[in-house]
>>> print(open('start22.txt').read())   # compact mmCIF, C-alpha atoms
# COMPACT_ATOMS: atom_id res chain seq x y z
CA MET S 83 40.55 1.01 1.08
CA MET S 84 37.05 0.68 2.55
CA PRO S 85 35.21 3.91 3.33
CA ARG S 86 34.62 4.56 7.01
CA ALA S 87 31.19 3.73 8.39
CA GLU S 88 30.54 7.44 9.00
CA PHE S 89 30.98 8.18 5.27
CA VAL S 90 28.34 5.58 4.42
CA HIS S 91 26.02 7.13 7.01
CA TRP S 92 26.49 10.56 5.38
CA TRP S 93 25.69 9.15 1.92
CA PHE S 94 22.51 7.55 3.22
CA ALA S 95 21.73 10.79 5.08
CA THR S 96 21.76 12.55 1.71
CA GLY S 97 19.28 10.01 0.32
CA PHE S 98 17.07 10.42 3.40
CA LEU S 99 17.23 14.21 3.07
CA LEU S 100 16.00 13.97 -0.52
CA LEU S 101 13.26 11.53 0.53
CA GLY S 102 12.17 13.90 3.29
CA LEU S 103 12.07 16.89 0.94
CA PHE S 104 10.04 14.98 -1.67
CA LEU S 105 7.52 13.85 0.95
CA LEU S 106 7.34 17.28 2.59
CA ALA S 107 6.75 18.95 -0.78
CA GLU S 108 3.96 16.45 -1.46
CA VAL S 109 2.38 17.32 1.89
CA ILE S 110 2.58 21.05 1.11
CA VAL S 111 1.10 20.93 -2.39
CA GLY S 112 -1.18 17.92 -1.86
CA PRO S 113 -1.19 14.55 -3.65
CA ALA S 114 -3.36 15.86 -6.53
CA VAL S 115 -0.74 18.44 -7.55
CA TRP S 116 2.22 16.18 -6.77
CA ASN S 117 0.83 13.42 -9.01
CA ARG S 118 0.10 15.72 -11.98
CA ARG S 119 3.41 14.75 -13.59
CA PRO S 120 3.96 11.00 -13.89
CA TRP S 121 7.72 11.17 -13.22
CA ARG S 122 7.13 12.82 -9.85
CA ARG S 123 5.02 9.89 -8.62
CA TYR S 124 8.02 7.61 -8.90
CA LEU S 125 10.50 9.89 -7.13
CA TRP S 126 10.24 8.84 -3.53
CA PRO S 127 9.27 5.17 -4.06
CA GLY S 128 12.13 4.85 -6.56
CA LEU S 129 14.60 6.46 -4.19
CA CYS S 130 13.40 4.25 -1.32
CA PHE S 131 13.89 1.16 -3.51
CA LEU S 132 17.35 2.39 -4.55
CA LEU S 133 18.37 2.95 -0.93
CA GLY S 134 17.29 -0.64 -0.26
CA VAL S 135 19.43 -1.89 -3.16
CA LEU S 136 22.40 0.14 -1.89
CA MET S 137 22.07 -1.50 1.51
CA TRP S 138 23.26 -4.78 -0.03
CA PRO S 139 26.86 -3.60 -0.58
CA VAL S 140 26.77 -2.27 2.99
CA MET S 141 25.73 -5.74 4.17
CA THR S 142 28.40 -7.39 2.04
CA PHE S 143 31.36 -5.23 2.99
CA TYR S 144 30.64 -4.16 6.59
CA THR S 145 30.86 -7.54 8.25
CA ASN S 146 31.81 -6.41 11.76
CA SER S 147 29.62 -9.17 13.17
CA THR S 148 26.87 -11.59 12.20
CA ILE S 149 24.27 -9.32 13.77
CA HIS S 150 25.52 -6.46 11.54
CA MET S 151 25.01 -8.60 8.44
CA ILE S 152 21.55 -9.73 9.51
CA ALA S 153 20.52 -6.17 10.42
CA HIS S 154 21.76 -4.67 7.15
CA GLY S 155 20.31 -7.54 5.08
CA SER S 156 16.85 -7.36 6.64
CA TRP S 157 16.99 -3.60 6.32
CA ALA S 158 17.75 -3.84 2.60
CA GLN S 159 14.83 -6.21 2.06
CA ALA S 160 12.40 -4.05 4.04
CA LEU S 161 13.37 -0.86 2.17
CA MET S 162 13.11 -2.59 -1.21
CA LEU S 163 9.75 -4.10 -0.28
CA ALA S 164 8.34 -0.73 0.83
CA GLY S 165 9.76 1.01 -2.24
CA ALA S 166 8.47 -1.67 -4.61
CA ALA S 167 4.96 -1.54 -3.11
CA GLU S 168 4.85 2.25 -3.44
CA LEU S 169 6.16 1.97 -7.02
CA GLY S 170 3.31 -0.44 -7.74
CA VAL S 171 0.82 2.05 -6.29
CA ALA S 172 2.39 4.92 -8.28
CA ARG S 173 2.19 2.87 -11.50
CA GLY S 174 -1.44 2.02 -10.82
CA LYS S 175 -0.84 -1.73 -10.66
CA LEU S 176 -1.63 -1.83 -6.95
CA HIS S 177 -4.72 -0.10 -5.64
CA SER S 178 -5.22 -0.86 -1.98
CA GLN S 179 -4.35 1.86 0.51
CA TYR S 180 -3.07 -0.85 2.81
CA TRP S 181 0.12 -1.20 0.76
CA ARG S 182 1.31 1.72 2.90
CA LEU S 183 1.55 -0.84 5.71
CA LEU S 184 4.80 -2.02 4.08
CA SER S 185 6.29 1.44 4.70
CA ALA S 186 5.35 1.03 8.35
CA LEU S 187 7.03 -2.38 8.27
CA GLY S 188 10.09 -0.83 6.60
CA LEU S 189 10.43 1.79 9.34
CA ALA S 190 9.85 -0.77 12.08
CA VAL S 191 12.45 -3.15 10.62
CA SER S 192 14.91 -0.26 10.09
CA GLY S 193 14.46 0.92 13.68
CA THR S 194 14.85 -2.60 15.05
CA ALA S 195 17.94 -3.14 12.86
CA PHE S 196 19.52 0.00 14.31
CA LEU S 197 18.78 -1.14 17.86
CA VAL S 198 19.85 -4.76 17.60
CA HIS S 199 23.15 -4.13 15.85
CA GLU S 200 24.25 -1.52 18.37
CA GLN S 201 25.81 -3.56 21.13
CA GLN S 202 27.06 -0.67 23.29
CA HIS S 203 25.14 1.50 25.73
CA TRP S 204 23.80 4.99 24.90
CA LEU S 205 26.77 7.05 26.17
CA PHE S 206 29.52 4.73 24.92
CA SER S 207 30.23 7.07 21.98
CA ARG S 208 28.37 9.36 19.61
CA ALA S 209 27.85 6.53 17.11
CA ALA S 210 26.27 4.36 19.81
CA PHE S 211 24.04 7.21 20.97
CA LEU S 212 22.91 7.93 17.42
CA HIS S 213 22.18 4.27 16.71
CA HIS S 214 19.92 4.12 19.77
CA THR S 215 18.27 7.46 18.91
CA LEU S 216 17.76 6.51 15.26
CA GLY S 217 16.42 3.10 16.23
CA TRP S 218 13.78 4.45 18.59
CA THR S 219 12.94 7.36 16.27
CA LEU S 220 12.24 5.05 13.33
CA LEU S 221 10.44 2.49 15.46
CA VAL S 222 8.09 5.09 16.95
CA SER S 223 7.70 6.82 13.56
CA ALA S 224 6.31 3.62 12.07
CA VAL S 225 3.02 4.79 13.54
CA PHE S 226 2.76 7.49 10.82
CA PRO S 227 2.56 5.19 7.76
CA LEU S 228 0.45 2.84 9.89
CA LEU S 229 -1.99 5.68 10.41
CA GLN S 230 -1.80 6.59 6.70
CA ALA S 231 -2.83 3.06 5.74
CA PHE S 232 -6.12 3.54 7.58
CA ARG S 233 -6.49 7.32 7.10
CA PRO S 234 -4.79 8.14 3.76
CA ARG S 235 -5.85 11.83 3.93
CA SER S 236 -4.40 12.46 7.39
CA LEU S 237 -2.20 15.56 7.13
CA ALA S 238 -0.61 14.91 10.52
CA ALA S 239 0.41 11.38 9.51
CA ALA S 240 1.83 12.55 6.16
CA THR S 241 3.75 15.38 7.84
CA GLY S 242 5.04 13.00 10.48
CA PHE S 243 6.15 10.52 7.81
CA ALA S 244 8.04 13.25 5.89
CA THR S 245 9.60 14.69 9.04
CA THR S 246 10.82 11.23 10.05
CA PHE S 247 13.22 11.16 7.07
CA LEU S 248 14.45 14.70 7.72
CA VAL S 249 15.16 13.86 11.37
CA ALA S 250 16.87 10.62 10.32
CA ALA S 251 19.02 12.60 7.85
CA VAL S 252 20.13 15.05 10.57
CA LEU S 253 20.97 12.18 12.92
CA LEU S 254 22.90 10.30 10.21
CA TYR S 255 24.86 13.43 9.28
CA SER S 256 25.80 13.79 12.98
CA ASP S 257 27.44 10.39 13.02
CA ARG S 258 31.18 10.05 13.65
CA ASP S 259 33.07 6.79 14.00
CA THR S 260 34.76 7.82 17.24
CA ALA S 261 33.57 10.96 18.98
CA ALA S 262 32.24 11.98 22.37
CA ILE S 263 28.56 12.43 23.12
CA PHE S 264 27.59 15.00 25.78
CA GLY S 265 31.16 14.80 27.07
CA HIS S 266 31.10 11.01 27.34
CA LEU S 267 33.39 8.68 25.42
CA SER S 268 34.25 5.21 26.63
CA GLN S 269 37.94 4.42 26.91
CA TYR S 270 37.18 1.30 24.84
CA ALA S 271 35.81 3.33 21.92
CA GLY S 272 39.24 4.29 20.62
CA LEU S 273 40.89 7.61 19.89
CA PRO S 274 38.48 10.36 18.86
CA HIS S 275 39.04 12.04 15.52
CA ARG S 276 37.52 15.06 13.85
CA MET Q 816 8.36 43.74 -29.70
CA SER Q 817 10.76 42.09 -32.10
CA ALA Q 818 9.62 38.72 -33.40
CA GLU Q 819 13.08 37.30 -32.64
CA LEU Q 820 13.00 38.50 -29.04
CA ALA Q 821 9.51 37.36 -28.19
CA PRO Q 822 10.20 33.61 -27.80
CA GLU Q 823 13.22 34.34 -25.60
CA LEU Q 824 11.18 36.59 -23.33
CA GLN Q 825 8.51 33.90 -23.16
CA VAL Q 826 11.10 31.32 -22.10
CA ALA Q 827 12.47 33.71 -19.44
CA GLU Q 828 8.95 34.30 -18.17
CA GLN Q 829 8.33 30.54 -17.97
CA ALA Q 830 11.60 30.02 -16.09
CA THR Q 831 10.49 32.45 -13.40
CA PRO Q 832 7.87 30.63 -11.35
CA ARG Q 833 4.91 32.54 -9.99
CA THR Q 834 5.03 32.95 -6.27
CA SER Q 835 1.59 34.27 -5.53
CA SER Q 836 0.33 31.44 -3.34
CA PRO Q 837 1.78 30.80 0.12
CA ARG Q 838 2.21 27.10 -0.74
CA ALA Q 839 4.22 27.99 -3.83
CA ARG Q 840 6.44 30.26 -1.76
CA ILE Q 841 7.05 27.53 0.78
CA VAL Q 842 7.93 25.03 -1.98
CA LEU Q 843 10.30 27.55 -3.56
CA ALA Q 844 11.88 28.26 -0.17
CA LEU Q 845 12.53 24.59 0.71
CA GLY Q 846 15.59 24.23 -1.53
CA PRO Q 847 17.32 27.52 -0.60
CA LEU Q 848 16.58 26.85 3.09
CA THR Q 849 18.21 23.43 2.82
CA ALA Q 850 21.22 24.91 1.00
CA LEU Q 851 21.45 27.62 3.67
CA VAL Q 852 21.61 24.96 6.40
CA GLY Q 853 24.44 23.25 4.50
CA LEU Q 854 26.24 26.57 4.12
CA ALA Q 855 25.87 27.31 7.84
CA TRP Q 856 27.27 23.86 8.62
CA ALA Q 857 30.24 24.51 6.31
CA LEU Q 858 30.93 27.80 8.10
CA VAL Q 859 30.64 26.29 11.58
CA GLN Q 860 32.74 23.21 10.75
CA PRO Q 861 35.00 24.16 7.81
CA TYR Q 862 37.24 21.17 8.57
CA ARG Q 863 34.40 18.95 7.31
CA LEU Q 864 35.20 20.24 3.81
CA THR Q 865 38.42 18.43 3.03
CA LEU Q 866 38.45 20.12 -0.38
CA LEU Q 867 39.56 23.26 1.43
CA HIS Q 868 42.73 21.49 2.60
CA PRO Q 869 43.09 18.54 0.22
CA TYR Q 870 46.78 17.73 0.68
CA GLY Q 871 47.37 14.40 2.39
CA GLN Q 872 43.68 13.43 2.27
CA GLY Q 873 42.65 10.00 1.04
CA PHE Q 874 40.10 9.35 -1.71
CA TRP Q 875 37.15 8.71 0.64
CA TRP Q 876 37.84 11.82 2.71
CA LEU Q 877 37.90 13.90 -0.47
CA LEU Q 878 34.67 12.32 -1.69
CA SER Q 879 32.88 12.82 1.63
CA GLU Q 880 31.90 16.48 1.94
CA PRO Q 881 28.63 16.34 3.92
CA PRO Q 882 27.92 20.12 4.05
CA LEU Q 883 28.35 20.19 0.26
CA TYR Q 884 25.93 17.26 -0.08
CA VAL Q 885 23.28 19.28 1.80
CA ILE Q 886 23.88 22.33 -0.38
CA VAL Q 887 23.69 20.23 -3.57
CA VAL Q 888 20.41 18.63 -2.44
CA GLY Q 889 18.94 22.08 -1.77
CA VAL Q 890 20.07 23.46 -5.13
CA LEU Q 891 18.84 20.37 -7.01
CA PHE Q 892 15.45 20.57 -5.31
CA ARG Q 893 15.12 24.26 -6.18
CA LEU Q 894 16.18 23.81 -9.81
CA VAL Q 895 14.65 20.45 -10.72
CA ILE Q 896 11.62 19.83 -8.48
CA ALA Q 897 10.29 23.20 -7.30
CA PRO Q 898 9.64 25.02 -10.64
CA SER Q 899 7.39 22.36 -12.16
CA LEU Q 900 5.66 21.88 -8.81
CA VAL Q 901 4.82 25.59 -8.60
CA ASP Q 902 3.61 25.54 -12.21
CA ASP Q 903 1.30 22.64 -11.41
CA LEU Q 904 0.14 24.32 -8.21
CA ASP Q 905 -0.80 27.43 -10.16
CA ALA Q 906 -2.46 25.36 -12.88
CA GLU Q 907 -4.46 23.45 -10.26
CA HIS Q 908 -5.69 26.72 -8.80
CA GLY Q 909 -6.72 27.92 -12.26
CA ARG Q 910 -4.45 30.93 -12.37
CA ARG Q 911 -3.44 30.32 -15.95
>>> encode(input="start22.txt", output="structure tokens")
Amino acid sequence: MMPRAEFVHWWFATGFLLLGLFLLAEVIVGPAVWNRRPWRRYLWPGLCFLLGVLMWPVMTFYTNSTIHMIAHGSWAQALMLAGAAELGVARGKLHSQYWRLLSALGLAVSGTAFLVHEQQHWLFSRAAFLHHTLGWTLLVSAVFPLLQAFRPRSLAAATGFATTFLVAAVLLYSDRDTAAIFGHLSQYAGLPHR
Amino acid sequence: MSAELAPELQVAEQATPRTSSPRARIVLALGPLTALVGLAWALVQPYRLTLLHPYGQGFWWLLSEPPLYVIVVGVLFRLVIAPSLVDDLDAEHGRR
């Protein structure tokens, strides 16, 4: 009755794709235009917070191992924290530019969660490869919000931050429970399916 | 112009965003480009769309149509986000 892990990855990929498009549009038009309508300010922080909330059912139902639960749980908290801080900034309750540091923390925790809950090597299967790739991508990408916290007007940092979510979406959409990667599939991974 | 027709024409004019600035064009292109990627994916891997061959598929397989998700995101962005963004972009540049 439970959906396969790959389905969940595709649903989160859709959320990440939306996040990436929102952030990219903000980069293109600039924060002044993006923030002209109050509802638009809440779009990406709200979606980030929602993705964090939706990580809790993932933690609850996908209990393959303790490390899976810890990874998903810490991930949910980090996403909610980053989303909540950005919501506070959007509402005008929080003013410091350093709240963006929580987005950096969110990406770093997400990347680490990907890496620590993947117990197989890179070429074990496509899922293993993507977990490693996503982990390192998010971990390295944490530098973009880190840079934004100190240089809020940096176009390169904002573009990098937006692109991170688009890349993560592509990687998540590529996930399959059991499939080969570059012609490699461990005999312990199980039978490949479409 | 007929007084009855004028408001309708005005609404139609408002629904068509101005595309004079390069930024506005890029914003308007983001959604269709995303939808196009989803469409290309659907054409390359039609077996990902279980709705095309629904018999014998379980609930989760029927719900999970990733190329359709991408297309829907692109369409939603174009219809919901892009028009007001282009309006605001034009307003910011004082074109109105």
>>> closest_atom_pairs(input="start22.txt", of="chain Q", to="chain S", cutoff="10 Å", atoms="all atoms listed in the file", output="tab-separated table")
residue	atom	partner	partner_atom	distance
Q:Pro837	CA	S:Ile110	CA	9.8
Q:Arg838	CA	S:Ile110	CA	6.3
Q:Ala839	CA	S:Val111	CA	7.9
Q:Ile841	CA	S:Ile110	CA	7.9
Q:Val842	CA	S:Ala107	CA	6.3
Q:Leu843	CA	S:Ala107	CA	9.7
Q:Leu845	CA	S:Leu103	CA	7.7
Q:Gly846	CA	S:Leu103	CA	8.5
Q:Thr849	CA	S:Leu103	CA	9.2
Q:Gln860	CA	S:Arg276	CA	9.9
Q:Tyr862	CA	S:Arg276	CA	8.1
Q:Arg863	CA	S:Arg276	CA	8.2
Q:Gly873	CA	S:Met83	CA	9.2
Q:Phe874	CA	S:Met83	CA	8.8
Q:Trp875	CA	S:Pro85	CA	5.8
Q:Trp876	CA	S:Phe89	CA	8.2
Q:Leu878	CA	S:Phe89	CA	8.9
Q:Ser879	CA	S:Phe89	CA	6.2
Q:Glu880	CA	S:Trp92	CA	8.7
Q:Pro881	CA	S:Trp92	CA	6.3
Q:Pro882	CA	S:Tyr255	CA	9.0
Q:Tyr884	CA	S:Thr96	CA	6.5
Q:Val885	CA	S:Thr96	CA	6.9
Q:Val887	CA	S:Thr96	CA	9.5
Q:Val888	CA	S:Leu100	CA	6.7
Q:Gly889	CA	S:Leu100	CA	8.7
Q:Leu891	CA	S:Leu100	CA	9.5
Q:Phe892	CA	S:Leu103	CA	8.0
Q:Ile896	CA	S:Arg122	CA	8.4
Q:Ala897	CA	S:Ala107	CA	8.6
Q:Ser899	CA	S:Arg119	CA	8.7
Q:Leu900	CA	S:Trp116	CA	7.0
Q:Val901	CA	S:Val111	CA	8.6
Q:Asp902	CA	S:Val115	CA	9.5
Q:Asp903	CA	S:Val115	CA	6.1
Q:Leu904	CA	S:Val115	CA	6.0
Q:Asp905	CA	S:Val115	CA	9.4
Q:Ala906	CA	S:Val115	CA	8.9
Q:Glu907	CA	S:Val115	CA	6.8
Q:His908	CA	S:Val115	CA	9.7
>>> write_last_selection(input="start22.txt", atoms="C-alpha atoms", output="PDB file, keeping the file's coordinate frame")
ATOM      1  CA  PRO Q 837       1.780  30.800   0.120  1.00  0.00           C
ATOM      2  CA  ARG Q 838       2.210  27.100  -0.740  1.00  0.00           C
ATOM      3  CA  ALA Q 839       4.220  27.990  -3.830  1.00  0.00           C
ATOM      4  CA  ILE Q 841       7.050  27.530   0.780  1.00  0.00           C
ATOM      5  CA  VAL Q 842       7.930  25.030  -1.980  1.00  0.00           C
ATOM      6  CA  LEU Q 843      10.300  27.550  -3.560  1.00  0.00           C
ATOM      7  CA  LEU Q 845      12.530  24.590   0.710  1.00  0.00           C
ATOM      8  CA  GLY Q 846      15.590  24.230  -1.530  1.00  0.00           C
ATOM      9  CA  THR Q 849      18.210  23.430   2.820  1.00  0.00           C
ATOM     10  CA  GLN Q 860      32.740  23.210  10.750  1.00  0.00           C
ATOM     11  CA  TYR Q 862      37.240  21.170   8.570  1.00  0.00           C
ATOM     12  CA  ARG Q 863      34.400  18.950   7.310  1.00  0.00           C
ATOM     13  CA  GLY Q 873      42.650  10.000   1.040  1.00  0.00           C
ATOM     14  CA  PHE Q 874      40.100   9.350  -1.710  1.00  0.00           C
ATOM     15  CA  TRP Q 875      37.150   8.710   0.640  1.00  0.00           C
ATOM     16  CA  TRP Q 876      37.840  11.820   2.710  1.00  0.00           C
ATOM     17  CA  LEU Q 878      34.670  12.320  -1.690  1.00  0.00           C
ATOM     18  CA  SER Q 879      32.880  12.820   1.630  1.00  0.00           C
ATOM     19  CA  GLU Q 880      31.900  16.480   1.940  1.00  0.00           C
ATOM     20  CA  PRO Q 881      28.630  16.340   3.920  1.00  0.00           C
ATOM     21  CA  PRO Q 882      27.920  20.120   4.050  1.00  0.00           C
ATOM     22  CA  TYR Q 884      25.930  17.260  -0.080  1.00  0.00           C
ATOM     23  CA  VAL Q 885      23.280  19.280   1.800  1.00  0.00           C
ATOM     24  CA  VAL Q 887      23.690  20.230  -3.570  1.00  0.00           C
ATOM     25  CA  VAL Q 888      20.410  18.630  -2.440  1.00  0.00           C
ATOM     26  CA  GLY Q 889      18.940  22.080  -1.770  1.00  0.00           C
ATOM     27  CA  LEU Q 891      18.840  20.370  -7.010  1.00  0.00           C
ATOM     28  CA  PHE Q 892      15.450  20.570  -5.310  1.00  0.00           C
ATOM     29  CA  ILE Q 896      11.620  19.830  -8.480  1.00  0.00           C
ATOM     30  CA  ALA Q 897      10.290  23.200  -7.300  1.00  0.00           C
ATOM     31  CA  SER Q 899       7.390  22.360 -12.160  1.00  0.00           C
ATOM     32  CA  LEU Q 900       5.660  21.880  -8.810  1.00  0.00           C
ATOM     33  CA  VAL Q 901       4.820  25.590  -8.600  1.00  0.00           C
ATOM     34  CA  ASP Q 902       3.610  25.540 -12.210  1.00  0.00           C
ATOM     35  CA  ASP Q 903       1.300  22.640 -11.410  1.00  0.00           C
ATOM     36  CA  LEU Q 904       0.140  24.320  -8.210  1.00  0.00           C
ATOM     37  CA  ASP Q 905      -0.800  27.430 -10.160  1.00  0.00           C
ATOM     38  CA  ALA Q 906      -2.460  25.360 -12.880  1.00  0.00           C
ATOM     39  CA  GLU Q 907      -4.460  23.450 -10.260  1.00  0.00           C
ATOM     40  CA  HIS Q 908      -5.690  26.720  -8.800  1.00  0.00           C
TER      41      HIS Q 908
END
>>> closest_residue(input="start22.txt", among="S:Met137, S:Ala231, S:Leu254, S:Val198", to="Ser178 in chain S", atoms="all atoms listed in the file")
S:Ala231
>>> closest_residue(input="start22.txt", among="S:His91, S:His266, S:Arg173, S:Arg208", to="Leu133 in chain S", atoms="only C-alpha atoms")
S:His91
>>> closest_residue(input="start22.txt", among="S:Ala164, S:Leu101, S:Met141, S:Ile263", to="His203 in chain S", atoms="all atoms listed in the file")
S:Ile263
>>> atom_distance(input="start22.txt", atom1="CA of Val140 in chain S", atom2="CA of Gly155 in chain S")
8.6 Å
>>> atom_distance(input="start22.txt", atom1="CA of Val859 in chain Q", atom2="CA of Val252 in chain S")
15.4 Å
>>> atom_distance(input="start22.txt", atom1="CA of Arg182 in chain S", atom2="CA of Leu894 in chain Q")
29.5 Å
>>> residues_around(input="start22.txt", residues="Leu161 in chain S", least_positions_apart="2", cutoff="10 Å", atoms="only C-alpha atoms", output="PyMOL selection string")
chain S and resi 127+129-137+156-159+163-167+184-185+187-189+191-192
>>> closest_residue(input="start22.txt", among="S:Leu216, S:Leu125, S:Ala195, S:Leu183", to="Gly102 in chain S", atoms="all atoms listed in the file")
S:Leu125
>>> residues_near_point(input="start22.txt", point="(24.9, -6.4, 14.4)", cutoff="10 Å", atoms="all atoms listed in the file", output="PyMOL selection string")
chain S and resi 144-154+195-201
>>> axis_aligned_box(input="start22.txt", around="range 107-126 of chain S", padding_each_side="3 Å", output="JSON")
{"center_x": 3.6, "center_y": 14.3, "center_z": -6.0, "size_x": 19.9, "size_y": 19.4, "size_z": 21.8}
>>> build_atoms(input="start22.txt", residues="range 154-180 of chain S", atoms="N, CA and C atoms", output="mmCIF file, keeping the file's coordinate frame")
data_model
loop_
_atom_site.group_PDB
_atom_site.id
_atom_site.type_symbol
_atom_site.label_atom_id
_atom_site.label_comp_id
_atom_site.auth_asym_id
_atom_site.auth_seq_id
_atom_site.Cartn_x
_atom_site.Cartn_y
_atom_site.Cartn_z
ATOM 1 N N HIS S 154 21.688 -5.371 8.430
ATOM 2 C CA HIS S 154 21.760 -4.670 7.150
ATOM 3 C C HIS S 154 20.970 -5.407 6.062
ATOM 4 N N GLY S 155 21.027 -6.746 6.084
ATOM 5 C CA GLY S 155 20.310 -7.540 5.080
ATOM 6 C C GLY S 155 18.805 -7.383 5.202
ATOM 7 N N SER S 156 18.301 -7.487 6.440
ATOM 8 C CA SER S 156 16.850 -7.360 6.640
ATOM 9 C C SER S 156 16.394 -5.945 6.321
ATOM 10 N N TRP S 157 17.268 -5.001 6.606
ATOM 11 C CA TRP S 157 16.990 -3.600 6.320
ATOM 12 C C TRP S 157 16.855 -3.385 4.805
ATOM 13 N N ALA S 158 17.780 -3.960 4.062
ATOM 14 C CA ALA S 158 17.750 -3.840 2.600
ATOM 15 C C ALA S 158 16.449 -4.415 2.048
ATOM 16 N N GLN S 159 16.068 -5.581 2.551
ATOM 17 C CA GLN S 159 14.830 -6.210 2.060
ATOM 18 C C GLN S 159 13.612 -5.366 2.385
ATOM 19 N N ALA S 160 13.568 -4.829 3.619
ATOM 20 C CA ALA S 160 12.400 -4.050 4.040
ATOM 21 C C ALA S 160 12.268 -2.768 3.213
ATOM 22 N N LEU S 161 13.403 -2.098 2.971
ATOM 23 C CA LEU S 161 13.370 -0.860 2.170
ATOM 24 C C LEU S 161 12.943 -1.148 0.737
ATOM 25 N N MET S 162 13.474 -2.236 0.173
ATOM 26 C CA MET S 162 13.110 -2.590 -1.210
ATOM 27 C C MET S 162 11.638 -2.962 -1.306
ATOM 28 N N LEU S 163 11.159 -3.692 -0.298
ATOM 29 C CA LEU S 163 9.750 -4.100 -0.280
ATOM 30 C C LEU S 163 8.837 -2.878 -0.215
ATOM 31 N N ALA S 164 9.158 -1.949 0.694
ATOM 32 C CA ALA S 164 8.340 -0.730 0.830
ATOM 33 C C ALA S 164 8.400 0.084 -0.453
ATOM 34 N N GLY S 165 9.604 0.248 -1.004
ATOM 35 C CA GLY S 165 9.760 1.010 -2.240
ATOM 36 C C GLY S 165 9.016 0.370 -3.395
ATOM 37 N N ALA S 166 9.118 -0.960 -3.506
ATOM 38 C CA ALA S 166 8.470 -1.670 -4.610
ATOM 39 C C ALA S 166 6.940 -1.543 -4.506
ATOM 40 N N ALA S 167 6.410 -1.655 -3.294
ATOM 41 C CA ALA S 167 4.960 -1.540 -3.110
ATOM 42 C C ALA S 167 4.486 -0.146 -3.512
ATOM 43 N N GLU S 168 5.240 0.874 -3.103
ATOM 44 C CA GLU S 168 4.850 2.250 -3.440
ATOM 45 C C GLU S 168 5.014 2.506 -4.946
ATOM 46 N N LEU S 169 6.007 1.852 -5.555
ATOM 47 C CA LEU S 169 6.160 1.970 -7.020
ATOM 48 C C LEU S 169 4.949 1.355 -7.719
ATOM 49 N N GLY S 170 4.491 0.223 -7.184
ATOM 50 C CA GLY S 170 3.310 -0.440 -7.740
ATOM 51 C C GLY S 170 2.071 0.451 -7.629
ATOM 52 N N VAL S 171 1.955 1.133 -6.496
ATOM 53 C CA VAL S 171 0.820 2.050 -6.290
ATOM 54 C C VAL S 171 0.943 3.234 -7.255
ATOM 55 N N ALA S 172 2.174 3.768 -7.390
ATOM 56 C CA ALA S 172 2.390 4.920 -8.280
ATOM 57 C C ALA S 172 2.082 4.554 -9.730
ATOM 58 N N ARG S 173 2.411 3.329 -10.115
ATOM 59 C CA ARG S 173 2.190 2.870 -11.500
ATOM 60 C C ARG S 173 0.719 2.572 -11.756
ATOM 61 N N GLY S 174 -0.030 2.355 -10.671
ATOM 62 C CA GLY S 174 -1.440 2.020 -10.820
ATOM 63 C C GLY S 174 -1.704 0.533 -10.871
ATOM 64 N N LYS S 175 -0.665 -0.271 -10.646
ATOM 65 C CA LYS S 175 -0.840 -1.730 -10.660
ATOM 66 C C LYS S 175 -1.418 -2.214 -9.338
ATOM 67 N N LEU S 176 -1.118 -1.479 -8.272
ATOM 68 C CA LEU S 176 -1.630 -1.830 -6.950
ATOM 69 C C LEU S 176 -2.600 -0.724 -6.527
ATOM 70 N N HIS S 177 -3.685 -1.106 -5.912
ATOM 71 C CA HIS S 177 -4.720 -0.100 -5.640
ATOM 72 C C HIS S 177 -5.032 0.087 -4.160
ATOM 73 N N SER S 178 -4.796 -0.946 -3.372
ATOM 74 C CA SER S 178 -5.220 -0.860 -1.980
ATOM 75 C C SER S 178 -4.379 0.151 -1.197
ATOM 76 N N GLN S 179 -5.055 0.896 -0.348
ATOM 77 C CA GLN S 179 -4.350 1.860 0.510
ATOM 78 C C GLN S 179 -3.495 1.159 1.562
ATOM 79 N N TYR S 180 -3.797 -0.116 1.765
ATOM 80 C CA TYR S 180 -3.070 -0.850 2.810
ATOM 81 C C TYR S 180 -1.649 -1.232 2.416
#
